[in-house]
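A short write-up of the structure that comes next.
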Amino acid sequence: MTAGPAITRQAPGKLFIAGEYAVLEPGRPAILVAVDRHIGVTVSAADEADVVIETDLVPRGARLRRGDGGLVADEPGARDRLGPVVSAIELVDALLAERGRSTSPVRVSIASTLHRDGTKFGLGSSGAVTVATVDALAAYHGMELPADDLYRLALLATARHDPRSSGGDLAASVWGGWIAYQAPDRAAVLDMARCEGIEQTLRAPWPGFGLRRLPPPRGLALEVGWTGEPASTASLAGRLETPEWHGSAARRDFIARSDACVRAAIHALERGDDDELLHRIRGARSMLADLDDAVRLGIFTPGLTALCDAAESVGGAAKPSGAGGGDCGIALLDATAAPKVSRLHQRWAAAGVLPLPLHIQPTKASAA
């Protein structure tokens, strides 16, 4: 294939509004929003290796060669450090092979505003880089992907690397705005791809998957605070991968409560009922606290607890966003009450919580 001009694609980060942990199970609903901080991926021609990856999170980058079993890194450990990117490249390579297209040597250059000085904010950087890499690589090789195909390819790439991931961050990055999301059965779609190929898997129904747009709250501001403590979603979620938890009454109760809370929050958004939405956000915080007590996951750190308490003290509702254990929390409060927002920021600062100046990334594509 003749090298074409460099191609750049961006994907936004995300925040969970409600439904964390339960969304890990196929078909369970969650609410997410995309935010206006992005990862950008530029794909251009390379001449010193099959694949060169450059990123500010791994200063020396990586050089890889294509082999029968996928990409092989010249430097030990490079695949692990760059797992989402490597998996995305391998997935696009496999799709090109199915479509009878050749690959070419590529340089994949990554720039991110989802971290500060190498420390991630917890805004879904792994999902955003996967979406942007798939999108940019496909476009570089002459394939402009519709939103649904982009999401599905990114989900397949992610599930190969981390089968526990719900894919909610991918959906937020692809569609933007506020969304209601239900995760597909990742084991089933991976098996489908192995048995029937990627192309067929893109066209087939995915068990459990659901997505639709949601309107934003009518009169509430979304404020985001960062605790300064990085957390590992995979590590926290992995603690629920035990037979004892899967067979427990506590799990069944948590899933049922989460489903009811998220569905009520969805209805509140669709009706424009801000008071009901605040009530459901408080309920989501309570459920996460009960899960934390039951399983000792470490969802609530002192910073996240202070973040939530500060929001309640000014009449808002707040909770951790995502797996917890650090990273970000969200607060919803009256958008017209500027003094309340100012007091919230002051109380966060006193507790060591950094307000992040984030806005919602507008909807980018029609939802399924």
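Ligands are numbered from 1 in the order shown, chains are lettered A, B, ... in the order of the structure tokens, and residues start at 1 in each chain.
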Closest contacts (stretch 195-241 of chain A/stretch 299-303 of chain A, max 9 Å, only C-alpha atoms) as a Markdown table:
```
| residue | atom | partner | partner_atom | distance |
| --- | --- | --- | --- | --- |
| A:Trp226 | CA | A:Gly303 | CA | 8.7 |
| A:Thr227 | CA | A:Gly303 | CA | 5.6 |
| A:Gly228 | CA | A:Gly303 | CA | 8.5 |
| A:Glu229 | CA | A:Gly303 | CA | 8.4 |
| A:Leu236 | CA | A:Ile299 | CA | 8.0 |
```
Go ahead and dump the residues you just picked, N, CA, C and O atoms, as a CSV table (one decimal), in the first residue's frame.
```
chain,number,residue,atom,x,y,z
A,226,TRP,N,-11.1,16.4,41.1
A,226,TRP,CA,-10.1,15.4,41.0
A,226,TRP,C,-9.3,15.3,42.4
A,226,TRP,O,-8.9,16.3,42.9
A,227,THR,N,-9.2,14.1,42.9
A,227,THR,CA,-8.6,14.0,44.2
A,227,THR,C,-7.1,14.0,44.2
A,227,THR,O,-6.5,14.0,45.3
A,228,GLY,N,-6.5,13.9,43.0
A,228,GLY,CA,-5.1,13.8,42.9
A,228,GLY,C,-4.5,12.4,43.2
A,228,GLY,O,-3.3,12.2,43.2
A,229,GLU,N,-5.4,11.4,43.5
A,229,GLU,CA,-5.0,10.1,43.7
A,229,GLU,C,-5.4,9.2,42.5
A,229,GLU,O,-6.5,8.9,42.3
A,236,LEU,N,-9.6,-2.6,40.9
A,236,LEU,CA,-10.8,-2.5,41.8
A,236,LEU,C,-11.9,-3.5,41.3
A,236,LEU,O,-12.4,-4.3,42.0
```
* Might you pull out every residue within 7 Å of A:Val131, with only C-alpha atoms counted and same-chain residues fewer than 2 positions away left off, and present them as a ChimeraX atom specification? => /A:11,127-129,133-135,154,170,173
Strand (DSSP E or B) residues, from DSSP on the backbone, in stretch 152-242 of chain A, as an mmCIF file with all heavy atoms, in the first residue's frame:
```cif
data_model
loop_
_atom_site.group_PDB
_atom_site.id
_atom_site.type_symbol
_atom_site.label_atom_id
_atom_site.label_comp_id
_atom_site.auth_asym_id
_atom_site.auth_seq_id
_atom_site.Cartn_x
_atom_site.Cartn_y
_atom_site.Cartn_z
ATOM 1 N N TRP A 178 -24.587 12.963 26.615
ATOM 2 C CA TRP A 178 -25.107 12.113 27.684
ATOM 3 C C TRP A 178 -25.683 10.854 27.039
ATOM 4 O O TRP A 178 -26.464 10.947 26.093
ATOM 5 C CB TRP A 178 -26.216 12.829 28.459
ATOM 6 C CG TRP A 178 -25.759 13.948 29.352
ATOM 7 C CD1 TRP A 178 -25.268 15.157 28.948
ATOM 8 C CD2 TRP A 178 -25.794 13.972 30.784
ATOM 9 N NE1 TRP A 178 -24.970 15.932 30.056
ATOM 10 C CE2 TRP A 178 -25.280 15.226 31.181
ATOM 11 C CE3 TRP A 178 -26.192 13.052 31.750
ATOM 12 C CZ2 TRP A 178 -25.167 15.580 32.518
ATOM 13 C CZ3 TRP A 178 -26.081 13.414 33.084
ATOM 14 C CH2 TRP A 178 -25.569 14.660 33.469
ATOM 15 N N ILE A 179 -25.331 9.704 27.571
ATOM 16 C CA ILE A 179 -25.841 8.453 27.010
ATOM 17 C C ILE A 179 -26.269 7.493 28.114
ATOM 18 O O ILE A 179 -25.735 7.513 29.226
ATOM 19 C CB ILE A 179 -24.807 7.738 26.116
ATOM 20 C CG1 ILE A 179 -23.529 7.401 26.913
ATOM 21 C CG2 ILE A 179 -24.483 8.561 24.871
ATOM 22 C CD1 ILE A 179 -22.567 6.476 26.169
ATOM 23 N N ALA A 180 -27.261 6.663 27.768
ATOM 24 C CA ALA A 180 -27.589 5.482 28.566
ATOM 25 C C ALA A 180 -26.953 4.297 27.849
ATOM 26 O O ALA A 180 -27.106 4.136 26.636
ATOM 27 C CB ALA A 180 -29.099 5.295 28.662
ATOM 28 N N TYR A 181 -26.245 3.462 28.605
ATOM 29 C CA TYR A 181 -25.428 2.409 28.001
ATOM 30 C C TYR A 181 -25.633 1.090 28.710
ATOM 31 O O TYR A 181 -25.736 1.045 29.940
ATOM 32 C CB TYR A 181 -23.946 2.802 28.097
ATOM 33 C CG TYR A 181 -22.983 1.729 27.626
ATOM 34 C CD1 TYR A 181 -22.779 1.493 26.268
ATOM 35 C CD2 TYR A 181 -22.273 0.963 28.544
ATOM 36 C CE1 TYR A 181 -21.892 0.512 25.832
ATOM 37 C CE2 TYR A 181 -21.388 -0.012 28.119
ATOM 38 C CZ TYR A 181 -21.199 -0.236 26.759
ATOM 39 O OH TYR A 181 -20.320 -1.201 26.334
ATOM 40 N N GLN A 182 -25.705 0.022 27.923
ATOM 41 C CA GLN A 182 -25.711 -1.338 28.452
ATOM 42 C C GLN A 182 -24.616 -2.124 27.737
ATOM 43 O O GLN A 182 -24.540 -2.139 26.505
ATOM 44 C CB GLN A 182 -27.071 -2.010 28.201
ATOM 45 C CG GLN A 182 -28.206 -1.359 28.955
ATOM 46 C CD GLN A 182 -29.565 -1.779 28.433
ATOM 47 O OE1 GLN A 182 -30.397 -0.953 28.076
ATOM 48 N NE2 GLN A 182 -29.796 -3.081 28.353
ATOM 49 N N GLY A 210 -26.883 -2.088 24.514
ATOM 50 C CA GLY A 210 -27.916 -1.087 24.318
ATOM 51 C C GLY A 210 -27.332 0.300 24.484
ATOM 52 O O GLY A 210 -26.419 0.500 25.297
ATOM 53 N N LEU A 211 -27.816 1.258 23.724
ATOM 54 C CA LEU A 211 -27.330 2.631 23.831
ATOM 55 C C LEU A 211 -28.376 3.591 23.282
ATOM 56 O O LEU A 211 -28.998 3.318 22.257
ATOM 57 C CB LEU A 211 -26.018 2.805 23.057
ATOM 58 C CG LEU A 211 -25.381 4.195 23.202
ATOM 59 C CD1 LEU A 211 -23.893 4.098 23.428
ATOM 60 C CD2 LEU A 211 -25.696 5.058 21.982
ATOM 61 N N ARG A 212 -28.570 4.701 23.996
ATOM 62 C CA ARG A 212 -29.395 5.775 23.447
ATOM 63 C C ARG A 212 -28.959 7.098 24.061
ATOM 64 O O ARG A 212 -28.386 7.151 25.154
ATOM 65 C CB ARG A 212 -30.876 5.527 23.682
ATOM 66 C CG ARG A 212 -31.399 5.682 25.098
ATOM 67 C CD ARG A 212 -32.913 5.469 25.076
ATOM 68 N NE ARG A 212 -33.576 5.796 26.308
ATOM 69 C CZ ARG A 212 -33.855 4.925 27.271
ATOM 70 N NH1 ARG A 212 -33.464 3.668 27.154
ATOM 71 N NH2 ARG A 212 -34.514 5.310 28.355
ATOM 72 N N ARG A 213 -29.232 8.157 23.310
ATOM 73 C CA ARG A 213 -28.910 9.488 23.807
ATOM 74 C C ARG A 213 -29.832 9.889 24.944
ATOM 75 O O ARG A 213 -30.988 9.469 24.993
ATOM 76 C CB ARG A 213 -29.093 10.516 22.706
ATOM 77 C CG ARG A 213 -28.089 10.495 21.596
ATOM 78 C CD ARG A 213 -28.382 11.681 20.701
ATOM 79 N NE ARG A 213 -27.848 11.503 19.363
ATOM 80 C CZ ARG A 213 -28.155 12.291 18.359
ATOM 81 N NH1 ARG A 213 -29.038 13.262 18.531
ATOM 82 N NH2 ARG A 213 -27.628 12.087 17.167
ATOM 83 N N LEU A 214 -29.319 10.747 25.802
ATOM 84 C CA LEU A 214 -30.130 11.338 26.864
ATOM 85 C C LEU A 214 -29.992 12.852 26.813
ATOM 86 O O LEU A 214 -28.929 13.376 26.468
ATOM 87 C CB LEU A 214 -29.672 10.843 28.234
ATOM 88 C CG LEU A 214 -29.830 9.348 28.523
ATOM 89 C CD1 LEU A 214 -29.175 9.007 29.849
ATOM 90 C CD2 LEU A 214 -31.295 8.958 28.529
ATOM 91 N N LEU A 220 -29.266 21.989 36.123
ATOM 92 C CA LEU A 220 -28.184 21.574 37.014
ATOM 93 C C LEU A 220 -26.834 21.715 36.322
ATOM 94 O O LEU A 220 -26.696 21.401 35.141
ATOM 95 C CB LEU A 220 -28.372 20.120 37.458
ATOM 96 C CG LEU A 220 -29.627 19.803 38.260
ATOM 97 C CD1 LEU A 220 -29.720 18.304 38.522
ATOM 98 C CD2 LEU A 220 -29.645 20.584 39.580
ATOM 99 N N ALA A 221 -25.864 22.167 37.092
ATOM 100 C CA ALA A 221 -24.483 22.218 36.612
ATOM 101 C C ALA A 221 -23.766 20.946 37.038
ATOM 102 O O ALA A 221 -23.971 20.449 38.152
ATOM 103 C CB ALA A 221 -23.770 23.432 37.191
ATOM 104 N N LEU A 222 -22.932 20.416 36.153
ATOM 105 C CA LEU A 222 -22.096 19.269 36.474
ATOM 106 C C LEU A 222 -20.708 19.778 36.822
ATOM 107 O O LEU A 222 -20.020 20.366 35.977
ATOM 108 C CB LEU A 222 -22.030 18.303 35.288
ATOM 109 C CG LEU A 222 -21.106 17.090 35.462
ATOM 110 C CD1 LEU A 222 -21.612 16.163 36.567
ATOM 111 C CD2 LEU A 222 -20.977 16.322 34.141
ATOM 112 N N GLU A 223 -20.311 19.569 38.069
ATOM 113 C CA GLU A 223 -18.977 19.959 38.528
ATOM 114 C C GLU A 223 -18.156 18.692 38.772
ATOM 115 O O GLU A 223 -18.675 17.676 39.232
ATOM 116 C CB GLU A 223 -19.057 20.784 39.813
ATOM 117 C CG GLU A 223 -19.794 22.107 39.662
ATOM 118 C CD GLU A 223 -19.053 23.083 38.753
ATOM 119 O OE1 GLU A 223 -17.802 23.117 38.819
ATOM 120 O OE2 GLU A 223 -19.716 23.799 37.982
ATOM 121 N N VAL A 224 -16.874 18.779 38.465
ATOM 122 C CA VAL A 224 -15.990 17.617 38.552
ATOM 123 C C VAL A 224 -14.793 17.972 39.410
ATOM 124 O O VAL A 224 -14.145 19.008 39.209
ATOM 125 C CB VAL A 224 -15.518 17.171 37.148
ATOM 126 C CG1 VAL A 224 -14.664 15.904 37.253
ATOM 127 C CG2 VAL A 224 -16.706 16.951 36.224
ATOM 128 N N GLY A 225 -14.490 17.118 40.370
ATOM 129 C CA GLY A 225 -13.327 17.310 41.220
ATOM 130 C C GLY A 225 -12.377 16.143 41.112
ATOM 131 O O GLY A 225 -12.805 14.982 41.014
ATOM 132 N N TRP A 226 -11.098 16.441 41.132
ATOM 133 C CA TRP A 226 -10.052 15.409 41.046
ATOM 134 C C TRP A 226 -9.323 15.335 42.378
ATOM 135 O O TRP A 226 -8.851 16.341 42.899
ATOM 136 C CB TRP A 226 -9.081 15.747 39.923
ATOM 137 C CG TRP A 226 -7.980 14.730 39.728
ATOM 138 C CD1 TRP A 226 -8.117 13.390 39.570
ATOM 139 C CD2 TRP A 226 -6.576 15.005 39.673
ATOM 140 N NE1 TRP A 226 -6.884 12.794 39.414
ATOM 141 C CE2 TRP A 226 -5.914 13.770 39.462
ATOM 142 C CE3 TRP A 226 -5.812 16.170 39.763
ATOM 143 C CZ2 TRP A 226 -4.531 13.667 39.350
ATOM 144 C CZ3 TRP A 226 -4.419 16.069 39.646
ATOM 145 C CH2 TRP A 226 -3.811 14.836 39.442
#
```
Taking only C-alpha atoms into account, produce a table as a Markdown table in which each residue of stretch 26-127 of chain A with an atom at most 9 Å from an atom of stretch 248-260 of chain A appears once, together with its shortest atom pair and the distance in Å to one decimal, ordered by chain and rising number.
```
| residue | atom | partner | partner_atom | distance |
| --- | --- | --- | --- | --- |
| A:Arg28 | CA | A:Asp259 | CA | 6.6 |
| A:Pro29 | CA | A:Asp259 | CA | 6.3 |
| A:Ala30 | CA | A:Asp259 | CA | 8.2 |
```
Can you write just those residues out, C-alpha atoms, as a tab-separated table (two decimals), in the first residue's frame?
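And here's selection_4.tsv as it stands now:
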```tsv
chain	number	residue	atom	x	y	z
A	28	ARG	CA	-27.11	-3.67	33.02
A	29	PRO	CA	-27.67	0.07	32.48
A	30	ALA	CA	-25.39	2.99	33.26
```
* To do: Would you mind listing what lies within 10 Å of A:Leu82 as a PyMOL selection string, with only C-alpha atoms counted and same-chain residues fewer than 6 positions away left out?
  => chain A and resi 53-55+57-58+61-62+126
* Could you pull the residues within 10 Å of A:Gly272, counting only C-alpha atoms, minus those fewer than 2 positions along the same chain, as a count of residues only? -> 14
* From the set A:Arg282, A:Arg66, A:Arg203, A:Arg101, which residue has the shortest atom-to-atom contact distance to A:Asp149, counting only C-alpha atoms? -> A:Arg203
* When distances are computed from only C-alpha atoms, which of A:Pro5, A:Pro362, A:Pro243, A:Pro12 shows the smallest separation from A:Leu137? -> A:Pro5
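Atom CA of A:Ala350 sits 18.2 Å away from atom CA of A:Pro320.
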* Tell me, as a list in words, which residues lie within 9 Å of A:Gly208, counting only C-alpha atoms; anything in the same chain fewer than 5 positions away does not count. => Glu25, Pro26, Gly27, Arg28, Gln182, Ala183, Pro184 and Asp185 of chain A
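Between atom CA of A:Pro84 and atom CA of A:Gly176 there is a distance of 20.2 Å.
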* Rank nothing, just name the residue among A:Leu332, A:Thr119, A:Ala338, A:Ser166 nearest to A:Ala22, using only C-alpha atoms. => A:Ser166
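Take atom CA of A:Arg79 and atom CA of A:Gly298: the distance between them is 28.7 Å.
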* Find the spatial neighbours of A:Phe121, counting only C-alpha atoms, within a cut-off of 7 Å - ignore same-chain residues fewer than 4 positions away - and output them as a ChimeraX atom specification. => /A:114-115,226,230,327-328
Please, could you write that set of residues out with C-alpha atoms as a CSV table (one decimal), in the first residue's frame?
```
chain,number,residue,atom,x,y,z
A,114,LEU,CA,-6.5,13.5,30.1
A,115,HIS,CA,-3.6,13.6,32.5
A,226,TRP,CA,-10.1,15.4,41.0
A,230,PRO,CA,-4.7,7.8,40.6
A,327,ASP,CA,-9.5,9.8,40.6
A,328,CYS,CA,-12.7,11.9,40.1
```
* Spatial neighbours of A:Ala139, 10 Å, only C-alpha atoms, chain gap at least 4 places, as a ChimeraX atom specification -> /A:6-9,43,133-135,143-145
* To do: List every residue of stretch 59-276 of chain A that DSSP, applied to the backbone of this structure, places in helix (DSSP H, G or I), and write the result as number ranges by chain.
  => A: 78-81, 83-98, 125-140, 147-161, 168-175, 186-196, 198-203, 233-238, 243-246, 249-271, 274-276
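Minimum distance to A:Pro105 across A:Thr336, A:Ser44, A:Ser232, A:Ser342 (counting only C-alpha atoms) occurs at A:Ser44.
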